Amino acid sequence: MELTLREVAALVGGEVIGDAGRRVRGVCALEATGQETEDHVAFVAAKADPATALKSQVRCLLVAQLPESPGERCWVKVADPHLAFALVAQRFHPLPRAEENAVHPTAVVAGDTSFEGPVVVGPHAVIEAGTRIGGGTVVMAGAFVGEGCRIGRDCIVYPRAVLYTGTVLGDRVRVHAGAVIGADGFGNARQGKRWVRIPQIGNVVLEDDVEIGANTTVDRATLGETRVGRGTKIDNLVMIAHNCRIGEDSALAAQVGMAGSTTVGSRVQMAGQVGLAGHLRIADDVVLGAQAGVMSDIEQPGFYLGAPARPGRETMRIMAELARLPELRREVAELEKRIAELEAEDGGA
Amino acid sequence: MELTLREVAALVGGEVIGDAGRRVRGVCALEATGQETEDHVAFVAAKADPATALKSQVRCLLVAQLPESPGERCWVKVADPHLAFALVAQRFHPLPRAEENAVHPTAVVAGDTSFEGPVVVGPHAVIEAGTRIGGGTVVMAGAFVGEGCRIGRDCIVYPRAVLYTGTVLGDRVRVHAGAVIGADGFGNARQGKRWVRIPQIGNVVLEDDVEIGANTTVDRATLGETRVGRGTKIDNLVMIAHNCRIGEDSALAAQVGMAGSTTVGSRVQMAGQVGLAGHLRIADDVVLGAQAGVMSDIEQPGFYLGAPARPGRETMRIMAELARLPELRREVAELEKRIAELEAEDGGA
Amino acid sequence: MELTLREVAALVGGEVIGDAGRRVRGVCALEATGQETEDHVAFVAAKADPATALKSQVRCLLVAQLPESPGERCWVKVADPHLAFALVAQRFHPLPRAEENAVHPTAVVAGDTSFEGPVVVGPHAVIEAGTRIGGGTVVMAGAFVGEGCRIGRDCIVYPRAVLYTGTVLGDRVRVHAGAVIGADGFGNARQGKRWVRIPQIGNVVLEDDVEIGANTTVDRATLGETRVGRGTKIDNLVMIAHNCRIGEDSALAAQVGMAGSTTVGSRVQMAGQVGLAGHLRIADDVVLGAQAGVMSDIEQPGFYLGAPARPGRETMRIMAELARLPELRREVAELEKRIAELEAEDGGA
């Protein structure tokens with residue numbers, strides 16, 4: 001596949017400066033060497049110094065601004081080169097999509113499964129009774145789709161992913177390898193010193209365009225549903241407990257953990273290893289720094305950091321003070337000495 | 001399936017107030033709407049205001065105490081409504097159990113496997129040589145049971161769970177999807193600058209009524225065994241390293257990590273993302289707050305928090321002081337000024 | 001299998017003191033009882049009190065130094081008994097290795113797969129098109145090897161492990177059950193309020209002698225490669241994000257998380273639950289304590305601790321001060337009182 005720079009510019013809403021008929025066959029890094037530098041396109045981040053482009057050997061570049069002496073390269077000027085890069089890369093690397101029905105002979109698919117369009121089912125995949133799957137969807141090797149699941153159009157269930165009974169996926173949902181959606185919530189009641197299982201009767205709903213990372217787990221609700229909102233992206237090894245709700249277009253980095261019944265707003269971003277206690281409410285547009293430990297509701301958008309999580313500036317001030325704590329103790333000791341001297345003089349007076 | 005409230009009361013050791021012949025067909029949330037409000041039963045937590053019940057549309061309620069004007073509902077009064085709810089829910093939603101032998105034709109089961117009663121083996125499950133499985137047990141789709149494993153009665157091995165060679169499960173053990181039991185402990189010796197593998201020869205024993213969450217890993221012992229005690233419940237994405245021992249009726253929330261050879265007592269509770277160093281001993285009835293980092297033995301029961309973990313009250317006092325640290329620094333600076341003034345006066349005197 | 005102590009000594013570069021013809025059939029713990037004490041060999045750590053040996057019932061011991069009254073045991077004296085133990089244990093417990101081609105009839109292996117020597121493929125394993133696998137390698141039950149993977153000699157891909165398209169393994173690499181190598185990096189660009197997928201076009205390279213723990217995830221690069229260097233050992237539930245690079249002979253304990261594009265040197269050690277931000281550079285021979293949170297580059301070898309990570313001694317000093325913070329506040333309050341008294345006297349004077 002090839003695109004002219006004219007086609008690239010049209011795709012990303014940009015403008016060609018140079019040979020608009022030049023053809024590219026893929027995307028590459030700014031640091032690329034060899035053949036790619038001739039026929040692939042790279043990008044310079046909008047915030048980077050435009051002169052960065054001149055250090056690259058790549059001939060075709062997506063940029064927000066041309067360097068002062070642009071030289072002989074070809075440029076596609078666009079407001080957000082990072083986004084433009086994503087769009088061009090998607091054109092060259094579309095996701096797999098079922099174009100016609102293809103069920104591998106080793107797959108075990110319940111007789112009453114309803115395929116609502118072309119579906120691909122890979123080797124050793126298992127689809128249990130009463131499931132409905134939308135057209136375009138690919139269920140890869142060894143994936144498990146439990147009883148009564150509903151999967152939308154153009155979804156991808158990667159190898160060995162597991163959807164427990166009753167899981168619902170919207171359209172264009174991707175569930176990466178090893179992810180487990182809909183396992184029992186961690187619900188137990190005490191009977192004397194022992195734990196008694198609370199059956200987990202609810203399910204999990206992943207709305208349109210949700211992505212779930214490898215080996216992430218999203219537990220089913222005790223009653224009702226655990227729900228991840230449209231367009232929310234979740235990285236690897238994340239834990240979403242029973243009855244959590246996450247809004248739209250949020251992003252959770254790897255190893256984040258949310259305890260049960262916590263509700264998170266839209267466009268919330270969590271860096272790696274963040275932990276949230278249960279039964280909290282987190283507002284829209286909150287950003288949580290890495291390893292933050294959220295112990296109470298967050299009602300205002302903004303950046304939060306630390307454990308317990310506080311507004312970022314506050315935590316950073318505390319951290320700065322922390323580093324100076326040994327110094328503070330020395331200062332206090334010094335003051336004590338000066339006071340003692342004053343007291344001695346006073347007493348002596 | 002239906003139960004009269006009389007049967008519900010008998011099941012939970014409660015007392016019906018209202019129509020004891022009324023029938024319910026399931027459990028639901030206090031916030032339920034629609035048909036469930038008529039024929040399902042919900043609960044009001046013992047600690048909640050009894051008047052909470054009156055806000056619910058559900059007609060049949062498990063409560064510890066009736067509200068002042070109970071109105072026309074049906075009540076089952078019981079000491080612990082949460083526990084009662086669990087017991088009723090279990091009746092309506094029993095766990096899957098093998099009633100007769102049913103090995104899916106795509107399962108690969110070694111010829112010498114010993115089924116000690118009816119066992120269900122799902123599609124594409126693999127059971128290797130020399131394994132013994134108790135009656136009532138269900139091995140679900142794609143699960144892997146390695147050589148010489150011993151699985152008790154009424155266990156459930158969920159889809160894609162993996163039991164390495166020699167793993168031992170008691171009765172009624174549940175291992176959720178993607179969990180890996182008995183992988184090699186992380187044991188390496190140094191040879192100059194390189195790591196040399198220390199073979200992991202021991203195994204893992206999960207005693208009766210243990211539950212292991214999705215994608216959790218419990219490593220085999222280097223020598224001897226890694227052991228999880230009767231009735232202990234472990235959530236998702238937890239790491240139990242080689243040679244750890246956990247007592248009975250403990251509960252570990254998601255993403256907890258225990259390093260090698262640490263011993264934890266009975267009825268210990270760990271919140272999410274807690275970490276324990278290796279070779280520690282944690283007493284019975286210890287409770288660890290979320291994200292705690294345990295660096296040394298804990299000999300007394302009670303609540304511990306923070307990294308390094310300290311008695312909860314101590315950590316909370318330190319955290320409170322932390323928040324006031326910038327203020328403390330200002331106070332010290334202020335004192336310094338006042339001392340300097342005193343000194344100036346003194347000098348001037 | 002049996003070894004004489006003479007053979008053991010030759011294997012580990014040690015010296016027999018006692019009956020060199022005595023035969024052992026395995027390794028055991030120093031605390032072993034029963035038959036093992038007669039015909040297995042244990043070790044006493046070099047740093048332990050040599051008298052420790054005398055408390056053990058095991059008759060054949062690897063030691064760095066004999067106790068004062070060694071009694072009737074058999075000894076193999078060696079500089080590093082821990083390493084010696086590893087080497088002897090390896091002899092008794094070699095890793096599985098393919099000696100001849102053995103593809104289970106339920107495995108689904110693409111017709112163009114190239115086996116470059118004897119390869120074992122377990123039940124329900126899936127190997128997609130264009131893959132090359134070196135001799136001696138074992139692909140266990142239910143493992144998934146994506147299109148165009150290249151696997152070296154004497155590797156082990158454990159049950160249910162997943163290698164996405166294009167993954168490259170050197171020789172003697174081991175990937176434990178449930179690990180996912182090469183899933184998409186977590187790369188998204190913003191388009192207004194929504195996330196746009198950035199295709200992840202790169203791959204993962206695991207060099208010779210790398211070990212990957214159960215349920216660990218190593219994401220493919222956005223462009224280029226994510227690379228783990230020769231001899232590096234990675235424990236369970238670890239997250240290595242896209243475009244990370246790890247040097248040789250490093251060791252990462254369980255639940256460590258590395259964000260994207262971070263580069264780690266050789267012989268780096270990370271304890272459990274450590275987190276590293278993205279785009280960092282960590283020097284060779286750095287050691288990170290448990291739960292450390294690394295926010296910036298580390299240029300000097302040595303021990304680092306805390307979040308944000310600082311040189312260990314610094315963090316430990318701060319932690320000590322933290323514990324004394326309530327006391328410091330009381331001291332400051334006391335000083336304030338003494339100053340107020342001085343001021344009063346001054347004023348009164």
# chains A, B, ... in the order shown; residues from 1 in each chain; ligands from 1
call {"tool": "interface_residues", "arguments": {"of": "chain B", "to": "chain A", "cutoff": "8 Å", "atoms": "only C-alpha atoms", "output": "ChimeraX atom specification"}}
result
/B:28-29,82-83,85-87,89-90,93,123-124,141-142,159-160,176-178,213-215,231-233,235-237,249,253-255,267,272-273,290-291,322-323,325-326,329,332,336,339,342-343,346
call {"tool": "residues_around", "arguments": {"residues": "Lys55 of chain A", "least_positions_apart": "4", "cutoff": "9 Å", "atoms": "only C-alpha atoms", "output": "number ranges by chain"}}
result
A: 30-31, 51
call {"tool": "write_last_selection", "arguments": {"atoms": "N, CA, C and O atoms", "output": "JSON list (two decimals), in the first residue's frame"}}
result
[["chain", "number", "residue", "atom", "x", "y", "z"],
["A", 30, "LEU", "N", 11.45, 9.07, 13.92],
["A", 30, "LEU", "CA", 12.30, 10.17, 13.48],
["A", 30, "LEU", "C", 13.76, 9.72, 13.40],
["A", 30, "LEU", "O", 14.54, 10.25, 12.63],
["A", 31, "GLU", "N", 14.08, 8.69, 14.20],
["A", 31, "GLU", "CA", 15.46, 8.18, 14.25],
["A", 31, "GLU", "C", 15.71, 7.08, 13.23],
["A", 31, "GLU", "O", 16.79, 6.46, 13.23],
["A", 51, "ALA", "N", 13.63, 22.71, 14.59],
["A", 51, "ALA", "CA", 14.94, 22.33, 14.05],
["A", 51, "ALA", "C", 15.24, 20.85, 14.25],
["A", 51, "ALA", "O", 16.12, 20.28, 13.59]]
call {"tool": "residues_around", "arguments": {"residues": "Val168 of chain C", "least_positions_apart": "6", "cutoff": "8 Å", "atoms": "only C-alpha atoms", "output": "PyMOL selection string"}}
result
chain C and resi 149-151+203-206
call {"tool": "write_last_selection", "arguments": {"atoms": "N, CA and C atoms", "output": "PDB file, in the first residue's frame"}}
result
ATOM      1  N   CYS C 149       6.711 -15.158  14.379  1.00  0.00           N
ATOM      2  CA  CYS C 149       7.595 -15.179  15.554  1.00  0.00           C
ATOM      3  C   CYS C 149       8.868 -15.958  15.232  1.00  0.00           C
ATOM      4  N   ARG C 150       9.938 -15.607  15.925  1.00  0.00           N
ATOM      5  CA  ARG C 150      11.171 -16.384  15.824  1.00  0.00           C
ATOM      6  C   ARG C 150      11.592 -16.782  17.226  1.00  0.00           C
ATOM      7  N   ILE C 151      11.671 -18.091  17.449  1.00  0.00           N
ATOM      8  CA  ILE C 151      12.004 -18.628  18.766  1.00  0.00           C
ATOM      9  C   ILE C 151      13.297 -19.409  18.635  1.00  0.00           C
ATOM     10  N   ASN C 203       7.959  -4.545  17.735  1.00  0.00           N
ATOM     11  CA  ASN C 203       7.823  -5.894  18.311  1.00  0.00           C
ATOM     12  C   ASN C 203       8.544  -5.980  19.643  1.00  0.00           C
ATOM     13  N   VAL C 204       8.666  -7.198  20.156  1.00  0.00           N
ATOM     14  CA  VAL C 204       9.403  -7.460  21.393  1.00  0.00           C
ATOM     15  C   VAL C 204      10.524  -8.432  21.088  1.00  0.00           C
ATOM     16  N   VAL C 205      11.697  -8.147  21.635  1.00  0.00           N
ATOM     17  CA  VAL C 205      12.827  -9.063  21.540  1.00  0.00           C
ATOM     18  C   VAL C 205      13.261  -9.448  22.952  1.00  0.00           C
ATOM     19  N   LEU C 206      13.253 -10.729  23.226  1.00  0.00           N
ATOM     20  CA  LEU C 206      13.788 -11.242  24.487  1.00  0.00           C
ATOM     21  C   LEU C 206      15.074 -11.981  24.158  1.00  0.00           C
TER      22      LEU C 206
END
call {"tool": "residues_around", "arguments": {"residues": "Met140 of chain A", "least_positions_apart": "4", "cutoff": "6 Å", "atoms": "only C-alpha atoms", "output": "JSON, numbers by chain"}}
result
{"A": [121, 122, 157, 158, 159]}
call {"tool": "write_last_selection", "arguments": {"atoms": "all heavy atoms", "output": "short mmCIF file (atom, residue, chain, number, x, y, z; two decimals), in the first residue's frame"}}
result
data_model
loop_
_atom_site.label_atom_id
_atom_site.label_comp_id
_atom_site.auth_asym_id
_atom_site.auth_seq_id
_atom_site.Cartn_x
_atom_site.Cartn_y
_atom_site.Cartn_z
N VAL A 121 -13.65 -16.85 13.94
CA VAL A 121 -13.37 -17.51 15.22
C VAL A 121 -12.13 -18.37 15.05
O VAL A 121 -12.08 -19.25 14.19
CB VAL A 121 -14.57 -18.37 15.67
CG1 VAL A 121 -14.28 -19.01 17.03
CG2 VAL A 121 -15.84 -17.52 15.76
N GLY A 122 -11.11 -18.10 15.86
CA GLY A 122 -9.81 -18.75 15.71
C GLY A 122 -9.77 -20.15 16.28
O GLY A 122 -10.72 -20.62 16.92
N VAL A 157 -11.41 -9.95 20.16
CA VAL A 157 -11.09 -10.66 21.41
C VAL A 157 -9.82 -11.43 21.13
O VAL A 157 -9.81 -12.39 20.35
CB VAL A 157 -12.25 -11.60 21.81
CG1 VAL A 157 -11.95 -12.27 23.14
CG2 VAL A 157 -13.57 -10.83 21.88
N TYR A 158 -8.72 -10.96 21.74
CA TYR A 158 -7.40 -11.50 21.42
C TYR A 158 -7.21 -12.90 22.04
O TYR A 158 -8.00 -13.34 22.86
CB TYR A 158 -6.32 -10.53 21.90
CG TYR A 158 -6.19 -9.31 21.00
CD1 TYR A 158 -7.00 -8.20 21.19
CD2 TYR A 158 -5.29 -9.27 19.95
CE1 TYR A 158 -6.91 -7.07 20.35
CE2 TYR A 158 -5.18 -8.16 19.11
CZ TYR A 158 -5.99 -7.07 19.32
OH TYR A 158 -5.91 -5.97 18.49
N PRO A 159 -6.11 -13.57 21.66
CA PRO A 159 -5.90 -14.95 22.12
C PRO A 159 -5.97 -15.10 23.64
O PRO A 159 -5.40 -14.31 24.38
CB PRO A 159 -4.48 -15.27 21.62
CG PRO A 159 -4.31 -14.42 20.40
CD PRO A 159 -5.04 -13.15 20.72
#
call {"tool": "select_by_dssp", "arguments": {"residues": "segment 195-272 of chain A", "states": "strand (DSSP E)", "output": "PyMOL selection string"}}
result
chain A and resi 195-197+203-206+211-212+217-219+225-228+233-234+239-240+245-246+251-252+257-258+263-264+269-270
call {"tool": "write_last_selection", "arguments": {"atoms": "N, CA and C atoms", "output": "compact mmCIF listing (two decimals), in the first residue's frame"}}
result
# COMPACT_ATOMS: atom_id res chain seq x y z
N TRP A 195 -15.41 -16.90 56.08
CA TRP A 195 -15.95 -16.12 54.98
C TRP A 195 -17.03 -16.92 54.26
N VAL A 196 -18.14 -16.26 53.98
CA VAL A 196 -19.21 -16.89 53.21
C VAL A 196 -19.32 -16.17 51.88
N ARG A 197 -19.29 -16.92 50.82
CA ARG A 197 -19.37 -16.37 49.48
C ARG A 197 -20.66 -15.60 49.24
N ASN A 203 -23.13 -8.37 35.97
CA ASN A 203 -22.24 -8.65 34.83
C ASN A 203 -21.32 -7.47 34.57
N VAL A 204 -20.63 -7.51 33.43
CA VAL A 204 -19.76 -6.42 33.02
C VAL A 204 -20.23 -5.90 31.67
N VAL A 205 -20.27 -4.59 31.53
CA VAL A 205 -20.57 -3.96 30.25
C VAL A 205 -19.39 -3.09 29.84
N LEU A 206 -18.83 -3.36 28.68
CA LEU A 206 -17.78 -2.51 28.11
C LEU A 206 -18.41 -1.80 26.92
N GLU A 211 -10.95 -0.22 25.15
CA GLU A 211 -9.83 -1.15 24.96
C GLU A 211 -9.37 -1.64 26.32
N ILE A 212 -9.17 -2.94 26.43
CA ILE A 212 -8.74 -3.57 27.68
C ILE A 212 -7.39 -4.22 27.45
N THR A 217 -8.07 -7.38 34.61
CA THR A 217 -9.28 -8.05 35.07
C THR A 217 -10.36 -7.03 35.41
N VAL A 218 -11.54 -7.27 34.92
CA VAL A 218 -12.71 -6.44 35.24
C VAL A 218 -13.76 -7.38 35.83
N ASP A 219 -14.05 -7.21 37.11
CA ASP A 219 -14.95 -8.16 37.78
C ASP A 219 -16.41 -7.82 37.53
N GLU A 225 -24.41 -3.97 37.35
CA GLU A 225 -23.32 -4.11 36.40
C GLU A 225 -22.08 -3.31 36.78
N THR A 226 -20.95 -3.80 36.34
CA THR A 226 -19.70 -3.06 36.32
C THR A 226 -19.62 -2.49 34.91
N ARG A 227 -19.34 -1.20 34.76
CA ARG A 227 -19.48 -0.58 33.44
C ARG A 227 -18.28 0.30 33.12
N VAL A 228 -17.73 0.13 31.94
CA VAL A 228 -16.65 0.98 31.45
C VAL A 228 -17.18 1.76 30.26
N LYS A 233 -9.83 3.78 27.66
CA LYS A 233 -8.72 2.87 27.34
C LYS A 233 -8.07 2.41 28.64
N ILE A 234 -7.92 1.11 28.79
CA ILE A 234 -7.34 0.53 30.00
C ILE A 234 -6.13 -0.31 29.62
N MET A 239 -6.82 -3.68 37.61
CA MET A 239 -7.90 -4.35 38.32
C MET A 239 -9.08 -3.39 38.48
N ILE A 240 -10.20 -3.77 37.89
CA ILE A 240 -11.44 -3.02 38.09
C ILE A 240 -12.40 -3.92 38.86
N ARG A 245 -17.79 1.92 38.10
CA ARG A 245 -18.28 2.57 36.88
C ARG A 245 -17.24 3.59 36.46
N ILE A 246 -16.88 3.52 35.20
CA ILE A 246 -15.92 4.48 34.66
C ILE A 246 -16.60 5.20 33.51
N ALA A 251 -8.60 7.16 30.70
CA ALA A 251 -7.44 6.33 30.38
C ALA A 251 -6.77 5.88 31.66
N LEU A 252 -6.62 4.58 31.83
CA LEU A 252 -6.01 4.01 33.04
C LEU A 252 -4.75 3.27 32.65
N GLY A 257 -5.41 -0.04 40.25
CA GLY A 257 -6.39 -0.88 40.92
C GLY A 257 -7.53 -0.05 41.48
N MET A 258 -8.75 -0.44 41.15
CA MET A 258 -9.93 0.23 41.70
C MET A 258 -10.71 -0.76 42.56
N THR A 263 -16.86 5.02 41.51
CA THR A 263 -17.34 5.63 40.27
C THR A 263 -16.36 6.70 39.82
N VAL A 264 -15.92 6.59 38.59
CA VAL A 264 -14.93 7.50 38.03
C VAL A 264 -15.58 8.23 36.87
N GLN A 269 -7.70 10.60 33.85
CA GLN A 269 -6.47 9.90 33.51
C GLN A 269 -5.76 9.42 34.77
N MET A 270 -5.36 8.16 34.76
CA MET A 270 -4.62 7.61 35.90
C MET A 270 -3.29 7.07 35.40
call {"tool": "select_by_dssp", "arguments": {"residues": "segment 39-244 of chain A", "states": "alpha helix (DSSP H)", "output": "PDB file with N, CA, C and O atoms, in the first residue's frame"}}
result
ATOM      1  N   ASP A  39      10.907   6.285   2.107  1.00  0.00           N
ATOM      2  CA  ASP A  39       9.516   6.051   1.711  1.00  0.00           C
ATOM      3  C   ASP A  39       8.556   5.856   2.888  1.00  0.00           C
ATOM      4  O   ASP A  39       7.470   5.306   2.736  1.00  0.00           O
ATOM      5  N   THR A  52      14.510  20.209  15.182  1.00  0.00           N
ATOM      6  CA  THR A  52      14.664  18.764  15.394  1.00  0.00           C
ATOM      7  C   THR A  52      14.562  18.013  14.076  1.00  0.00           C
ATOM      8  O   THR A  52      15.255  17.016  13.846  1.00  0.00           O
ATOM      9  N   ALA A  53      13.681  18.506  13.226  1.00  0.00           N
ATOM     10  CA  ALA A  53      13.446  17.844  11.944  1.00  0.00           C
ATOM     11  C   ALA A  53      14.738  17.691  11.147  1.00  0.00           C
ATOM     12  O   ALA A  53      14.941  16.694  10.441  1.00  0.00           O
ATOM     13  N   LEU A  54      15.606  18.660  11.276  1.00  0.00           N
ATOM     14  CA  LEU A  54      16.807  18.676  10.441  1.00  0.00           C
ATOM     15  C   LEU A  54      17.807  17.605  10.849  1.00  0.00           C
ATOM     16  O   LEU A  54      18.686  17.238  10.081  1.00  0.00           O
ATOM     17  N   LYS A  55      17.669  17.084  12.084  1.00  0.00           N
ATOM     18  CA  LYS A  55      18.568  16.016  12.539  1.00  0.00           C
ATOM     19  C   LYS A  55      18.121  14.652  12.040  1.00  0.00           C
ATOM     20  O   LYS A  55      18.852  13.677  12.136  1.00  0.00           O
ATOM     21  N   PRO A  81       0.774  17.093  14.832  1.00  0.00           N
ATOM     22  CA  PRO A  81       1.483  16.035  14.093  1.00  0.00           C
ATOM     23  C   PRO A  81       1.374  14.659  14.761  1.00  0.00           C
ATOM     24  O   PRO A  81       1.386  13.636  14.068  1.00  0.00           O
ATOM     25  N   HIS A  82       1.254  14.614  16.087  1.00  0.00           N
ATOM     26  CA  HIS A  82       1.132  13.343  16.800  1.00  0.00           C
ATOM     27  C   HIS A  82      -0.172  12.642  16.408  1.00  0.00           C
ATOM     28  O   HIS A  82      -0.190  11.460  16.053  1.00  0.00           O
ATOM     29  N   LEU A  83      -1.247  13.406  16.439  1.00  0.00           N
ATOM     30  CA  LEU A  83      -2.537  12.872  16.005  1.00  0.00           C
ATOM     31  C   LEU A  83      -2.487  12.486  14.518  1.00  0.00           C
ATOM     32  O   LEU A  83      -2.984  11.422  14.125  1.00  0.00           O
ATOM     33  N   ALA A  84      -1.863  13.338  13.713  1.00  0.00           N
ATOM     34  CA  ALA A  84      -1.762  13.055  12.278  1.00  0.00           C
ATOM     35  C   ALA A  84      -1.012  11.735  12.045  1.00  0.00           C
ATOM     36  O   ALA A  84      -1.409  10.908  11.221  1.00  0.00           O
ATOM     37  N   PHE A  85       0.048  11.553  12.822  1.00  0.00           N
ATOM     38  CA  PHE A  85       0.819  10.320  12.732  1.00  0.00           C
ATOM     39  C   PHE A  85      -0.065   9.117  13.025  1.00  0.00           C
ATOM     40  O   PHE A  85      -0.025   8.089  12.324  1.00  0.00           O
ATOM     41  N   ALA A  86      -0.886   9.232  14.101  1.00  0.00           N
ATOM     42  CA  ALA A  86      -1.786   8.133  14.467  1.00  0.00           C
ATOM     43  C   ALA A  86      -2.730   7.805  13.309  1.00  0.00           C
ATOM     44  O   ALA A  86      -2.945   6.640  12.969  1.00  0.00           O
ATOM     45  N   LEU A  87      -3.263   8.842  12.687  1.00  0.00           N
ATOM     46  CA  LEU A  87      -4.239   8.633  11.614  1.00  0.00           C
ATOM     47  C   LEU A  87      -3.593   7.992  10.388  1.00  0.00           C
ATOM     48  O   LEU A  87      -4.162   7.101   9.758  1.00  0.00           O
ATOM     49  N   VAL A  88      -2.387   8.447  10.051  1.00  0.00           N
ATOM     50  CA  VAL A  88      -1.682   7.851   8.909  1.00  0.00           C
ATOM     51  C   VAL A  88      -1.297   6.401   9.220  1.00  0.00           C
ATOM     52  O   VAL A  88      -1.473   5.504   8.389  1.00  0.00           O
ATOM     53  N   ALA A  89      -0.809   6.192  10.439  1.00  0.00           N
ATOM     54  CA  ALA A  89      -0.415   4.832  10.824  1.00  0.00           C
ATOM     55  C   ALA A  89      -1.614   3.887  10.772  1.00  0.00           C
ATOM     56  O   ALA A  89      -1.496   2.736  10.337  1.00  0.00           O
ATOM     57  N   GLN A  90      -2.772   4.374  11.202  1.00  0.00           N
ATOM     58  CA  GLN A  90      -3.978   3.540  11.141  1.00  0.00           C
ATOM     59  C   GLN A  90      -4.297   3.136   9.713  1.00  0.00           C
ATOM     60  O   GLN A  90      -4.758   2.024   9.451  1.00  0.00           O
ATOM     61  N   ARG A  91      -4.075   4.062   8.762  1.00  0.00           N
ATOM     62  CA  ARG A  91      -4.352   3.749   7.372  1.00  0.00           C
ATOM     63  C   ARG A  91      -3.449   2.617   6.872  1.00  0.00           C
ATOM     64  O   ARG A  91      -3.873   1.690   6.213  1.00  0.00           O
ATOM     65  N   PHE A  92      -2.178   2.694   7.296  1.00  0.00           N
ATOM     66  CA  PHE A  92      -1.246   1.643   6.867  1.00  0.00           C
ATOM     67  C   PHE A  92      -1.420   0.340   7.663  1.00  0.00           C
ATOM     68  O   PHE A  92      -1.082  -0.728   7.177  1.00  0.00           O
TER      69      PHE A  92
END
call {"tool": "atom_distance", "arguments": {"atom1": "atom CA of Val109 of chain A", "atom2": "atom CA of Gly148 of chain A"}}
result
12.4 Å
call {"tool": "atom_distance", "arguments": {"atom1": "atom CA of Gln300 of chain C", "atom2": "atom CA of Arg230 of chain C"}}
result
21.8 Å
call {"tool": "closest_residue", "arguments": {"among": "C:Leu11, C:Cys60, C:Ala129, C:Ala309", "to": "Ala32 of chain C", "atoms": "only C-alpha atoms"}}
result
C:Cys60
call {"tool": "residues_around", "arguments": {"residues": "Gly152 of chain B", "least_positions_apart": "3", "cutoff": "6 Å", "atoms": "only C-alpha atoms", "output": "list in words"}}
result
Ile133, Gly134, Leu169, Gly170 and Asp171 of chain B
